[in-house]
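To be precise, the following lines are run-v7.txt, and they hold compact mmCIF, C-alpha atoms and all ligand atoms.
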```
# COMPACT_ATOMS: atom_id res chain seq x y z
CA MET A 1 4.41 -25.86 8.67
CA SER A 2 2.92 -25.47 12.12
CA GLN A 3 2.34 -22.00 13.48
CA ARG A 4 4.72 -22.56 16.38
CA LEU A 5 7.48 -23.88 14.18
CA PHE A 6 7.15 -20.94 11.83
CA LEU A 7 7.31 -18.41 14.63
CA ARG A 8 10.46 -20.04 15.90
CA LEU A 9 12.00 -20.04 12.44
CA SER A 10 11.14 -16.40 11.89
CA ALA A 11 13.86 -15.54 14.38
CA LEU A 12 16.42 -16.97 11.95
CA PRO A 13 18.40 -14.82 9.53
CA ALA A 14 16.71 -14.01 6.23
CA ALA A 15 18.92 -16.33 4.17
CA LEU A 16 17.88 -19.36 6.22
CA LEU A 17 14.27 -18.30 6.10
CA LEU A 18 14.36 -18.48 2.33
CA LEU A 19 15.26 -22.14 2.54
CA THR A 20 12.40 -22.83 4.92
CA ALA A 21 10.02 -21.20 2.45
CA SER A 22 10.98 -23.70 -0.22
CA ALA A 23 7.71 -25.65 -0.01
CA PHE A 24 5.96 -22.45 -1.05
CA ALA A 25 8.57 -21.61 -3.64
CA SER A 26 7.90 -24.88 -5.50
CA ASN A 27 10.09 -25.76 -8.46
CA PRO A 28 12.80 -23.73 -10.11
CA LEU A 29 11.78 -21.53 -13.00
CA LEU A 30 13.52 -19.67 -15.79
CA PHE A 31 12.28 -16.50 -17.47
CA GLU A 32 13.87 -16.61 -20.91
CA GLN A 33 15.00 -13.52 -22.77
CA VAL A 34 12.99 -11.00 -20.80
CA ARG A 35 13.67 -7.28 -20.43
CA VAL A 36 14.09 -6.19 -16.82
CA ILE A 37 12.86 -2.85 -15.45
CA ASP A 38 14.90 -1.01 -12.81
CA PRO A 39 12.62 1.57 -11.14
CA ASP A 40 15.58 3.33 -9.49
CA THR A 41 17.37 4.21 -12.71
CA GLY A 42 14.49 3.97 -15.17
CA ALA A 43 16.64 1.58 -17.20
CA VAL A 44 15.37 -1.34 -19.27
CA SER A 45 17.83 -4.19 -19.79
CA ASP A 46 18.50 -6.03 -23.01
CA PRO A 47 16.73 -9.41 -23.12
CA LEU A 48 18.26 -11.78 -20.56
CA ASP A 49 17.52 -14.97 -18.64
CA ILE A 50 16.37 -14.69 -15.01
CA GLY A 51 16.42 -17.78 -12.83
CA VAL A 52 14.33 -18.48 -9.74
CA SER A 53 15.02 -21.16 -7.17
CA HIS A 54 13.95 -21.66 -3.54
CA GLY A 55 11.90 -18.49 -3.63
CA ALA A 56 14.78 -16.26 -4.67
CA ILE A 57 16.28 -14.88 -7.85
CA THR A 58 19.26 -16.97 -8.89
CA ALA A 59 21.81 -17.18 -11.68
CA PRO A 60 20.24 -19.08 -14.61
CA SER A 61 23.34 -21.22 -15.10
CA GLY A 62 22.88 -23.37 -11.99
CA LEU A 63 19.30 -24.49 -12.66
CA PRO A 64 18.49 -28.18 -13.31
CA ALA A 65 17.67 -29.35 -16.83
CA ASP A 66 13.96 -29.95 -16.14
CA THR A 67 13.44 -26.34 -14.95
CA ARG A 68 10.10 -24.84 -15.99
CA ARG A 69 10.59 -22.19 -18.67
CA VAL A 70 8.54 -19.05 -19.22
CA ALA A 71 8.99 -17.34 -22.59
CA GLY A 72 9.88 -13.73 -21.85
CA GLU A 73 10.45 -12.43 -25.33
CA GLY A 74 8.66 -9.13 -25.84
CA PHE A 75 7.77 -9.02 -22.13
CA TYR A 76 8.99 -6.88 -19.23
CA LEU A 77 9.83 -8.06 -15.74
CA MET A 78 9.40 -5.60 -12.90
CA PRO A 79 9.67 -6.02 -9.14
CA GLY A 80 6.39 -6.71 -7.34
CA LEU A 81 4.61 -3.68 -5.91
CA ALA A 82 3.93 -2.87 -2.28
CA GLU A 83 0.62 -1.28 -1.29
CA MET A 84 1.67 0.64 1.83
CA HIS A 85 -1.79 1.67 2.98
CA ALA A 86 -3.83 -1.46 2.55
CA HIS A 87 -6.61 -2.92 4.61
CA VAL A 88 -7.17 -6.53 5.43
CA PRO A 89 -10.83 -7.13 6.22
CA PRO A 90 -11.50 -7.80 9.91
CA MET A 91 -11.67 -11.49 10.83
CA ARG A 92 -15.40 -11.15 11.46
CA ALA A 93 -15.85 -10.52 7.71
CA GLY A 94 -15.13 -14.21 7.26
CA GLN A 95 -12.26 -16.19 5.83
CA GLN A 96 -13.57 -16.21 2.25
CA GLN A 97 -13.83 -12.42 2.02
CA ILE A 98 -10.31 -12.06 3.38
CA GLU A 99 -8.98 -14.58 0.87
CA ASP A 100 -10.75 -12.79 -1.98
CA VAL A 101 -9.17 -9.47 -1.03
CA MET A 102 -5.74 -11.14 -0.92
CA ILE A 103 -6.31 -12.55 -4.43
CA LEU A 104 -7.27 -9.11 -5.73
CA TYR A 105 -4.05 -7.59 -4.43
CA LEU A 106 -1.84 -10.31 -5.86
CA ALA A 107 -3.56 -10.48 -9.24
CA HIS A 108 -2.87 -6.76 -9.70
CA GLY A 109 0.87 -7.14 -9.20
CA ILE A 110 0.99 -6.39 -5.47
CA THR A 111 3.32 -8.75 -3.63
CA THR A 112 3.43 -6.90 -0.30
CA ILE A 113 0.70 -5.09 1.59
CA ARG A 114 1.00 -3.03 4.74
CA GLY A 115 -2.25 -3.64 6.60
CA MET A 116 -3.19 -0.42 8.36
CA LEU A 117 -5.79 -1.70 10.80
CA GLY A 118 -4.65 -4.95 12.32
CA GLU A 119 -6.07 -7.36 14.85
CA SER A 120 -4.73 -10.55 16.38
CA GLY A 121 -6.17 -12.74 13.61
CA HIS A 122 -4.04 -10.85 11.11
CA LEU A 123 -0.90 -12.11 12.83
CA VAL A 124 -2.01 -15.65 11.96
CA LEU A 125 -2.90 -14.55 8.45
CA ARG A 126 0.57 -13.01 8.09
CA GLU A 127 2.17 -16.42 8.72
CA GLN A 128 -0.28 -18.22 6.42
CA LEU A 129 0.59 -15.80 3.62
CA ALA A 130 4.31 -16.09 4.37
CA SER A 131 4.25 -19.89 4.22
CA GLY A 132 2.13 -20.01 1.06
CA GLU A 133 -0.75 -21.70 2.85
CA LEU A 134 -2.86 -18.81 1.60
CA VAL A 135 -2.60 -17.17 -1.85
CA GLY A 136 -1.77 -13.50 -1.58
CA PRO A 137 0.88 -10.88 -0.94
CA ARG A 138 3.27 -10.79 1.99
CA LEU A 139 1.54 -9.04 4.88
CA ILE A 140 3.06 -6.40 7.10
CA THR A 141 0.51 -5.54 9.74
CA SER A 142 -0.18 -2.79 12.22
CA GLY A 143 -1.95 -3.54 15.46
CA PRO A 144 -5.31 -2.11 16.51
CA SER A 145 -5.63 1.66 16.16
CA PHE A 146 -4.38 4.31 18.58
CA ASN A 147 -7.11 6.94 18.72
CA ALA A 148 -9.27 9.10 20.97
CA ASN A 149 -11.31 6.09 22.10
CA SER A 150 -8.57 3.48 22.50
CA VAL A 151 -6.05 5.68 24.34
CA ALA A 152 -7.21 6.83 27.78
CA SER A 153 -3.96 8.40 29.04
CA PRO A 154 -0.28 8.72 28.13
CA ALA A 155 0.53 5.80 30.47
CA ALA A 156 -2.15 3.67 28.82
CA ALA A 157 -0.76 4.62 25.41
CA ALA A 158 2.73 3.48 26.42
CA ASP A 159 1.29 0.19 27.74
CA MET A 160 -0.54 -0.33 24.46
CA VAL A 161 2.68 0.23 22.49
CA ARG A 162 4.50 -2.37 24.61
CA ALA A 163 1.64 -4.86 24.29
CA GLN A 164 1.47 -4.53 20.50
CA SER A 165 5.23 -4.78 20.16
CA GLU A 166 5.22 -7.93 22.30
CA ALA A 167 2.33 -9.40 20.32
CA GLY A 168 4.52 -9.15 17.22
CA TYR A 169 2.82 -6.45 15.17
CA ASP A 170 5.08 -4.79 12.60
CA LEU A 171 3.95 -1.23 13.26
CA LEU A 172 1.53 0.97 15.20
CA LYS A 173 -1.39 2.65 13.47
CA LEU A 174 -2.20 6.19 14.54
CA HIS A 175 -5.72 7.47 14.01
CA PRO A 176 -7.22 10.91 14.80
CA GLY A 177 -8.10 12.21 18.22
CA LEU A 178 -4.77 11.84 20.05
CA TRP A 179 -3.56 14.54 22.43
CA PRO A 180 0.08 15.70 22.29
CA GLU A 181 0.90 14.00 25.62
CA ALA A 182 -0.39 10.65 24.35
CA PHE A 183 1.40 11.10 21.02
CA ARG A 184 4.64 11.82 22.89
CA ALA A 185 4.21 8.68 25.02
CA ILE A 186 3.56 6.58 21.91
CA ALA A 187 6.55 8.06 20.08
CA GLU A 188 8.99 7.67 22.99
CA THR A 189 7.92 4.11 23.79
CA ALA A 190 7.87 3.05 20.15
CA GLU A 191 11.33 4.54 19.49
CA ALA A 192 12.75 2.78 22.56
CA LEU A 193 11.32 -0.53 21.31
CA GLY A 194 12.27 0.10 17.68
CA ILE A 195 8.76 -0.24 16.28
CA ASP A 196 7.40 1.99 13.51
CA TYR A 197 4.43 4.28 14.18
CA SER A 198 2.60 5.66 11.19
CA GLY A 199 -0.73 6.95 9.96
CA HIS A 200 -2.81 10.02 10.66
CA ILE A 201 -1.88 13.32 12.28
CA SER A 202 -4.28 14.24 15.07
CA VAL A 203 -5.44 17.86 14.96
CA ALA A 204 -4.20 18.56 18.49
CA VAL A 205 -0.81 17.04 17.64
CA GLY A 206 -0.31 18.88 14.36
CA LEU A 207 2.23 18.60 11.58
CA ASP A 208 4.99 20.47 13.49
CA ARG A 209 5.13 17.90 16.31
CA VAL A 210 5.08 15.03 13.84
CA LEU A 211 7.89 16.51 11.75
CA ALA A 212 9.90 16.82 14.97
CA SER A 213 9.24 13.14 15.77
CA ARG A 214 10.42 9.93 14.14
CA GLN A 215 7.00 8.92 12.86
CA GLY A 216 7.54 6.54 9.94
CA SER A 217 4.95 7.67 7.45
CA ILE A 218 2.26 10.31 7.30
CA ASP A 219 -0.70 8.76 5.51
CA HIS A 220 -3.33 10.56 3.38
CA LEU A 221 -1.14 13.75 3.42
CA ASP A 222 -2.86 14.32 6.76
CA GLY A 223 -1.97 17.44 8.76
CA TYR A 224 -0.67 19.47 5.82
CA GLY A 225 -4.05 21.12 5.13
CA GLU A 226 -4.17 22.67 8.61
CA ALA A 227 -0.54 23.78 8.28
CA LEU A 228 -1.31 25.57 5.01
CA VAL A 229 -3.65 28.02 6.76
CA PRO A 230 -1.68 31.08 7.97
CA PRO A 231 -2.04 31.81 11.72
CA ASP A 232 -3.71 35.17 11.05
CA HIS A 233 -6.42 33.70 8.79
CA ALA A 234 -9.98 33.55 10.16
CA LEU A 235 -10.15 29.82 9.45
CA HIS A 236 -6.96 29.05 11.39
CA GLY A 237 -7.70 26.72 14.28
CA THR A 238 -11.34 26.15 13.27
CA THR A 239 -12.85 22.68 12.85
CA PRO A 240 -10.93 21.22 9.91
CA GLY A 241 -13.36 18.49 8.80
CA LEU A 242 -12.16 15.50 6.78
CA PHE A 243 -8.51 16.07 5.91
CA ALA A 244 -9.01 19.80 6.43
CA ILE A 245 -11.57 20.14 3.66
CA ASN A 246 -13.36 22.87 5.66
CA LEU A 247 -10.20 24.97 5.54
CA VAL A 248 -9.54 25.00 1.80
CA ALA A 249 -10.55 28.66 1.44
CA GLY A 250 -7.86 29.58 3.98
CA MET A 251 -5.02 27.44 2.60
CA ASP A 252 -2.12 29.43 1.22
CA PRO A 253 -0.27 27.47 -1.50
CA SER A 254 2.80 29.69 -1.07
CA ARG A 255 3.42 27.80 2.19
CA ILE A 256 3.81 24.48 0.32
CA PRO A 257 7.53 24.65 -0.60
CA GLU A 258 8.58 25.24 3.01
CA LEU A 259 6.45 22.35 4.28
CA ALA A 260 7.90 20.11 1.56
CA GLN A 261 11.44 21.12 2.51
CA ARG A 262 10.80 20.49 6.19
CA THR A 263 9.39 17.05 5.34
CA VAL A 264 12.59 16.20 3.48
CA GLU A 265 14.69 17.33 6.44
CA ALA A 266 12.53 15.31 8.86
CA GLY A 267 13.07 12.21 6.74
CA ILE A 268 9.41 11.25 7.13
CA ALA A 269 7.69 9.42 4.28
CA ASN A 270 4.25 10.19 2.88
CA VAL A 271 1.69 7.63 1.72
CA PRO A 272 -0.68 9.87 -0.25
CA THR A 273 -3.77 7.62 -0.83
CA GLN A 274 -4.76 10.39 -3.23
CA SER A 275 -6.96 8.09 -5.33
CA LEU A 276 -9.27 7.55 -2.35
CA LEU A 277 -9.57 11.26 -1.67
CA GLU A 278 -10.34 11.90 -5.34
CA ASN A 279 -13.09 9.26 -5.24
CA TRP A 280 -14.54 11.04 -2.22
CA ALA A 281 -14.31 14.60 -3.42
CA THR A 282 -14.58 14.69 -7.19
CA GLY A 283 -15.20 11.16 -8.48
CA ASP A 284 -18.15 10.73 -10.81
CA VAL A 285 -20.28 8.16 -9.00
CA GLU A 286 -21.70 6.59 -12.14
CA ALA A 287 -18.25 6.26 -13.69
CA LEU A 288 -16.88 4.81 -10.45
CA MET A 289 -19.71 2.25 -10.33
CA GLU A 290 -18.99 1.26 -13.93
CA ARG A 291 -15.30 0.60 -13.42
CA PRO A 292 -14.56 -2.97 -14.55
CA ALA A 293 -12.97 -3.73 -11.17
CA MET A 294 -16.33 -3.26 -9.45
CA ARG A 295 -17.31 -6.75 -10.62
CA TRP A 296 -15.13 -8.11 -7.82
CA ILE A 297 -17.02 -6.23 -5.11
CA PRO A 298 -20.17 -7.70 -3.51
CA GLU A 299 -23.40 -5.77 -4.04
CA ALA A 300 -23.78 -5.00 -0.32
CA THR A 301 -20.31 -3.39 -0.25
CA ARG A 302 -21.01 -1.41 -3.41
CA GLN A 303 -24.19 -0.04 -1.83
CA GLN A 304 -22.30 0.78 1.36
CA TRP A 305 -19.66 2.67 -0.63
CA GLN A 306 -22.35 4.69 -2.38
CA ASP A 307 -23.99 5.55 0.95
CA ASN A 308 -20.67 6.50 2.52
CA LEU A 309 -19.78 8.65 -0.44
CA ALA A 310 -23.12 10.48 -0.26
CA ARG A 311 -22.56 11.14 3.43
CA ILE A 312 -19.04 12.49 2.83
CA ARG A 313 -20.21 14.64 -0.08
CA SER A 314 -22.85 16.23 2.12
CA GLN A 315 -20.06 17.46 4.42
CA ILE A 316 -17.95 19.09 1.71
CA PRO A 317 -18.37 22.89 1.69
CA GLU A 318 -19.93 24.24 -1.50
CA GLY A 319 -17.47 24.58 -4.36
CA MET A 320 -14.51 23.26 -2.33
CA ALA A 321 -14.15 19.73 -3.74
CA GLU A 322 -12.04 20.65 -6.76
CA PRO A 323 -9.79 23.21 -5.05
CA PHE A 324 -9.24 20.59 -2.31
CA ILE A 325 -8.02 18.03 -4.84
CA ASP A 326 -5.97 20.64 -6.72
CA ILE A 327 -4.08 21.79 -3.63
CA ARG A 328 -3.42 18.20 -2.57
CA ARG A 329 -2.00 17.45 -6.00
CA GLU A 330 0.13 20.60 -5.78
CA LEU A 331 1.41 19.47 -2.38
CA LEU A 332 2.17 15.96 -3.65
CA ALA A 333 4.07 17.38 -6.62
CA ALA A 334 6.07 19.69 -4.34
CA LEU A 335 6.94 16.88 -1.93
CA HIS A 336 8.17 14.79 -4.84
CA GLN A 337 10.15 17.61 -6.40
CA ALA A 338 11.77 18.50 -3.08
CA GLY A 339 12.93 14.90 -2.72
CA ALA A 340 10.59 13.78 0.07
CA VAL A 341 9.97 10.05 0.27
CA ILE A 342 6.69 8.97 -1.30
CA LEU A 343 5.42 5.45 -0.68
CA LEU A 344 2.75 3.90 -2.87
CA GLY A 345 -0.56 3.60 -1.08
CA ALA A 346 -4.17 3.86 -2.17
CA ASP A 347 -6.19 2.73 0.86
CA ALA A 348 -8.32 -0.21 -0.22
CA PRO A 349 -10.85 -1.70 0.14
CA GLN A 350 -12.50 1.63 0.80
CA ILE A 351 -15.08 3.76 -1.02
CA PHE A 352 -14.65 2.72 -4.67
CA ASN A 353 -11.01 1.77 -4.17
CA VAL A 354 -10.95 -1.89 -5.20
CA PRO A 355 -7.93 -3.76 -3.78
CA GLY A 356 -5.17 -3.92 -6.36
CA ASP A 357 -7.01 -1.92 -8.99
CA ALA A 358 -6.78 1.18 -6.80
CA ILE A 359 -2.98 1.04 -6.85
CA HIS A 360 -3.00 1.51 -10.60
CA HIS A 361 -5.20 4.60 -10.30
CA GLU A 362 -2.80 5.84 -7.64
CA LEU A 363 0.20 5.30 -9.94
CA GLU A 364 -1.54 7.25 -12.71
CA ILE A 365 -2.08 10.15 -10.31
CA TYR A 366 1.63 10.17 -9.39
CA VAL A 367 2.55 10.42 -13.05
CA GLY A 368 -0.14 13.06 -13.45
CA VAL A 369 1.58 15.29 -10.86
CA GLY A 370 4.97 15.03 -12.55
CA MET A 371 6.66 11.77 -11.61
CA SER A 372 8.18 9.76 -14.40
CA PRO A 373 6.69 6.25 -14.70
CA ALA A 374 9.92 4.88 -13.20
CA GLN A 375 9.65 7.25 -10.22
CA ALA A 376 6.02 6.20 -9.73
CA LEU A 377 7.04 2.52 -9.73
CA ALA A 378 9.85 3.34 -7.29
CA THR A 379 7.25 4.48 -4.73
CA GLY A 380 6.06 0.87 -4.51
CA THR A 381 9.43 -0.86 -4.90
CA THR A 382 12.83 0.70 -4.23
CA ASN A 383 11.47 3.45 -1.95
CA VAL A 384 9.85 0.68 0.11
CA ALA A 385 13.15 -1.23 0.23
CA ARG A 386 14.83 1.81 1.77
CA TYR A 387 11.93 2.61 4.08
CA LEU A 388 11.82 -0.92 5.49
CA ASP A 389 15.57 -1.44 5.15
CA GLN A 390 14.84 -4.61 3.15
CA ALA A 391 16.90 -4.23 0.00
CA ASP A 392 16.56 -7.94 -0.82
CA ARG A 393 12.75 -7.92 -0.66
CA HIS A 394 11.63 -4.88 -2.62
CA GLY A 395 12.60 -3.47 -5.98
CA CYS A 396 15.28 -6.09 -6.42
CA LEU A 397 15.69 -8.52 -9.32
CA VAL A 398 19.27 -9.71 -8.93
CA PRO A 399 20.46 -13.06 -7.51
CA GLY A 400 19.68 -13.37 -3.80
CA CYS A 401 16.55 -11.22 -3.88
CA VAL A 402 13.17 -12.63 -2.89
CA ALA A 403 11.41 -13.57 -6.15
CA ASP A 404 8.46 -11.18 -5.90
CA LEU A 405 7.88 -9.94 -9.44
CA VAL A 406 5.43 -9.09 -12.19
CA LEU A 407 5.67 -10.01 -15.88
CA LEU A 408 4.14 -7.35 -18.13
CA ARG A 409 3.12 -7.43 -21.79
CA SER A 410 4.13 -3.81 -22.39
CA ASN A 411 6.74 -1.42 -21.11
CA PRO A 412 5.40 0.48 -18.06
CA LEU A 413 8.09 3.15 -18.47
CA GLU A 414 6.45 4.21 -21.75
CA ASP A 415 3.02 4.43 -20.19
CA ILE A 416 2.30 3.71 -16.54
CA ARG A 417 -1.02 2.11 -17.52
CA HIS A 418 1.03 -0.74 -18.98
CA ALA A 419 1.64 -1.85 -15.39
CA ARG A 420 -1.91 -3.24 -15.59
CA GLU A 421 -1.05 -5.53 -18.51
CA ILE A 422 -0.05 -8.43 -16.33
CA GLU A 423 1.03 -11.72 -17.88
CA GLY A 424 1.88 -13.31 -14.54
CA VAL A 425 2.86 -12.64 -10.95
CA MET A 426 5.47 -14.41 -8.87
CA ARG A 427 5.28 -14.36 -5.10
CA ALA A 428 8.32 -15.76 -3.25
CA GLY A 429 9.06 -18.03 -6.18
CA ARG A 430 5.54 -19.30 -6.75
CA TRP A 431 4.43 -18.51 -10.29
CA PHE A 432 0.86 -17.49 -11.11
CA ASP A 433 0.44 -17.30 -14.88
CA ARG A 434 -2.35 -15.36 -16.58
CA ALA A 435 -4.63 -18.39 -16.75
CA GLU A 436 -4.26 -19.09 -13.04
CA LEU A 437 -4.80 -15.42 -12.13
CA ASP A 438 -7.94 -15.34 -14.30
CA GLU A 439 -9.26 -18.44 -12.63
CA LEU A 440 -8.68 -16.93 -9.19
CA LEU A 441 -10.35 -13.68 -10.26
CA GLU A 442 -13.33 -15.53 -11.75
CA GLY A 443 -13.86 -17.14 -8.36
CA VAL A 444 -13.82 -13.72 -6.67
CA GLU A 445 -16.29 -12.38 -9.25
CA ARG A 446 -18.59 -15.36 -8.84
CA ARG A 447 -18.68 -14.99 -5.07
CA ALA A 448 -19.21 -11.20 -5.37
CA ALA A 449 -22.27 -11.99 -7.51
CA GLY A 450 -23.54 -14.22 -4.70
CA LYS A 451 -23.01 -17.49 -6.57
CA PRO A 452 -21.35 -20.46 -4.88
ZN ZN A 501 -6.93 3.36 5.72
```
Would you mind giving the structure from this file in C-alpha cells?
Ligand SMILES: [Zn+2]
Amino acid sequence: MSQRLFLRLSALPAALLLLTASAFASNPLLFEQVRVIDPDTGAVSDPLDIGVSHGAITAPSGLPADTRRVAGEGFYLMPGLAEMHAHVPPMRAGQQQIEDVMILYLAHGITTIRGMLGESGHLVLREQLASGELVGPRLITSGPSFNANSVASPAAAADMVRAQSEAGYDLLKLHPGLWPEAFRAIAETAEALGIDYSGHISVAVGLDRVLASRQGSIDHLDGYGEALVPPDHALHGTTPGLFAINLVAGMDPSRIPELAQRTVEAGIANVPTQSLLENWATGDVEALMERPAMRWIPEATRQQWQDNLARIRSQIPEGMAEPFIDIRRELLAALHQAGAVILLGADAPQIFNVPGDAIHHELEIYVGVGMSPAQALATGTTNVARYLDQADRHGCLVPGCVADLVLLRSNPLEDIRHAREIEGVMRAGRWFDRAELDELLEGVERRAAGKP
C-alpha cells in the first residue's frame, strides 16, 4: 500500500482499518484448545478454540474449512505486551539496525512499542510496521525531544508542540532542562490539541507542577527523588544528579505514601524503567555481559554500554547505589499498592537493556516488589488499553480485538518468567511460530557478530 493511500485510510474508523490491513493479516488461523490468560482478573480459561481472521480475533465457528490450525493443548495464550518506554534507533543508524531492533521486540512477545525519541523517519516506519511491510511491533512514536537545548522560549515551545502535532506524532517527549514557563506552554498547547506529553520531570518544574498538570506518564520515576527530600534537609535543592542519586542520603521514605496517594489523585501513570536503573546502579557488569540476550547486540554497542556504565558509576556517591535502588523499589511498591497506574517500560536499547529481553527483567522486578504475575502483565496490556483508550488493541482476546497475542508453553501466572517461554507471536493476525522467530533471531545474531 502506498504511503499516501495509507495515510488517507488512517483517518477511517478502526473497524474499516482492520479490513485494509488484511494483506498483512494473511490467512485465517485457529488456535485449538488453548487456555487463555486474562491479566485483568488473573483468570485462566478452560481449553477453548480462538479464531483469527482479517487481523482480528473472531468466533471460531465462521472460519473456512482450510483454515490453518495451531495446536494449543497445554499452551497459554496471552495478549501481546506493550513496551511503553522503547527506543527506535535513529534513522542514521541504518535500516538494518532498525529492523533488527524491531525483530527483537516482536520475538520477545512485544506487539506494541512506544518510541520515546522520535524523528520524521519514524513516522514512515510507523506506517511500514502498521501495514506489515516491516516485521515488528506496532509503533507509537513521540516527536523529537523537548529539552533545555531544543526549547528557546515558551512561545517556541508552543510552536514546537503545534508542529509535532501537525506532523502526526502520537505524543511529545519531555526531557530534562525545561523551565516552568516552557513546561506550562507545552502543557497548555498540548491539552488544547489533545496530544499526550510524557517523559521526564525537569528539576525546575518539579513533581508538584507535573502532578497538577495532565502529563500522560512520568517515566523513570523521575522527580520523586527530589520530592522525597524534606525542605529543611541540607540536601534539599542541591544538584540532584542522575534521577536524584546525589540526594539519596536526604530522602525520607516516610514521604512515599503521600506522594503515591497524590499520584493516584492526579491520574498520572508511571513508566518505571527500573531494570535500566538497576543495570546502572547495582548490576554486575560481568553478569550483564554474559546474559544470553547480549548475543543480539553488536560488539561496538556492547563496548559503548560498558563505557557508559563506567562513566555513570563514577558519578554515583560512595555507598549510595543500593539505597538508591531500594528506595525506588519501595516507591514503586507504594505506587502500585495505592492504585497508581503503572505502565510496562524498560527503556531499550540502552545500557545492557536488550530490546524485548529487558521487558522480561522489568516484569520480574514488578513481581519482586509485590505485584502478582497477572498485575505485572496488566502493566503491559490492560493498563495500556485504558491509558490509550484502545480497549480493542491491548489486553483483549475476544472477537473484534486486534489479534496481537503471544502463545506460551507455560503458565505465566504461576511464574512470571514463563512469559519468556514463547511458542509463537501473532501481530495483527500474522503468525510467527517458534521456527520463524528463531530464524529471525539467528539473522540478528549473525549480523551482530559482523557476519553477512
Ligand atoms: Zn529512554
Practice task
Using all atoms listed in the file, determine which residues fall within 10 Å of ligand ZN 501 (chain A), then list them as a PyMOL selection string.
Solution key: chain A and resi 84-88+115-117+173+175+199-200+219-220+273+276+345-350
Exercise for the section: Name the residues in contact with region 33-37 of chain A at a cut-off of 12 Å, using only C-alpha atoms, excluding same-chain residues fewer than 2 positions from it; report them as a PyMOL selection string. Expected result: chain A and resi 30-31+39-51+60+69-80+373-375+377-378+381-382+395-398+405-414+419
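Taking all atoms listed in the file into account, Asp404 (chain A) lies nearest to A:Val425 out of the set A:Met371, A:Val425, A:Val354, A:Ala266.
Picture a line from CA of Gly206 (chain A) to CA of Tyr224 (chain A); it runs 8.6 Å.
For Thr379 (chain A), the set of protein, DNA and RNA residues having any atom at most 10 Å away, when counting only C-alpha atoms and skipping those fewer than 6 positions along the same chain, is A:Pro39, A:Asp40, A:Leu81, A:Ala82, A:Glu83, A:Met84, A:Asn270, A:Val271, A:Val341, A:Ile342, A:Leu343, A:Leu344, A:Gly345, A:Leu363, A:Tyr366, A:Ala385, A:Gly395.
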Exercise for the section: Considering all atoms listed in the file, return as a ChimeraX atom specification whatever protein or nucleic-acid residues lie within 7 Å of region 325-334 of chain A, sequence-local ones (same chain, fewer than 3 positions apart) excluded. Expected result: /A:256-257,260,278,321-322,337-338,369-370
Problem - Within 9 Å of Leu242 (chain A) using only C-alpha atoms, minus same-chain residues under 6 positions, as a PyMOL selection string - result: chain A and resi 312+315-316
Which residues of region 234-346 of chain A come within 12 Å of region 89-98 of chain A, and what is each one's closest atom pair and distance in Å (one decimal), counting all atoms listed in the file, sorted by chain and residue number, as a Markdown table?
```
| residue | atom | partner | partner_atom | distance |
| --- | --- | --- | --- | --- |
| A:Trp296 | CA | A:Gln97 | CA | 10.8 |
| A:Ile297 | CA | A:Gln97 | CA | 10.0 |
| A:Pro298 | CA | A:Gln97 | CA | 9.6 |
| A:Thr301 | CA | A:Gln97 | CA | 11.3 |
```
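The two atoms in question, CA of Met320 (chain A) and CA of Ile245 (chain A), are spaced 7.4 Å apart.
You will find CA of Ser120 (chain A) at 22.0 Å from CA of Gly216 (chain A).
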Exercise for the section: Counting only C-alpha atoms, find the residues whose atoms lie at most 12 Å from (-10.9, 34.0, 7.1) (file coordinates) and write them out as a PyMOL selection string. Expected result: chain A and resi 229-238+246-252
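The smallest atom-to-atom distance between His360 (chain A) and any of A:Pro323, A:Gly223, A:Gly109, A:Pro64, using all atoms listed in the file, is found for A:Gly109.
Distances here use all atoms listed in the file; by that measure, the residue among A:Arg313, A:Arg447, A:Arg427, A:His336 closest to Ala130 (chain A) is A:Arg427.
Minimum distance to Glu439 (chain A) across A:Ile113, A:Leu104, A:Leu63, A:Leu129 (counting only C-alpha atoms) occurs at A:Leu104.
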Exercise for the section: Give the answer as one residue: which of A:His122, A:Arg311, A:Arg295, A:Arg434 has the shortest atom-to-atom distance to Gly168 (chain A), using only C-alpha atoms? Expected result: A:His122
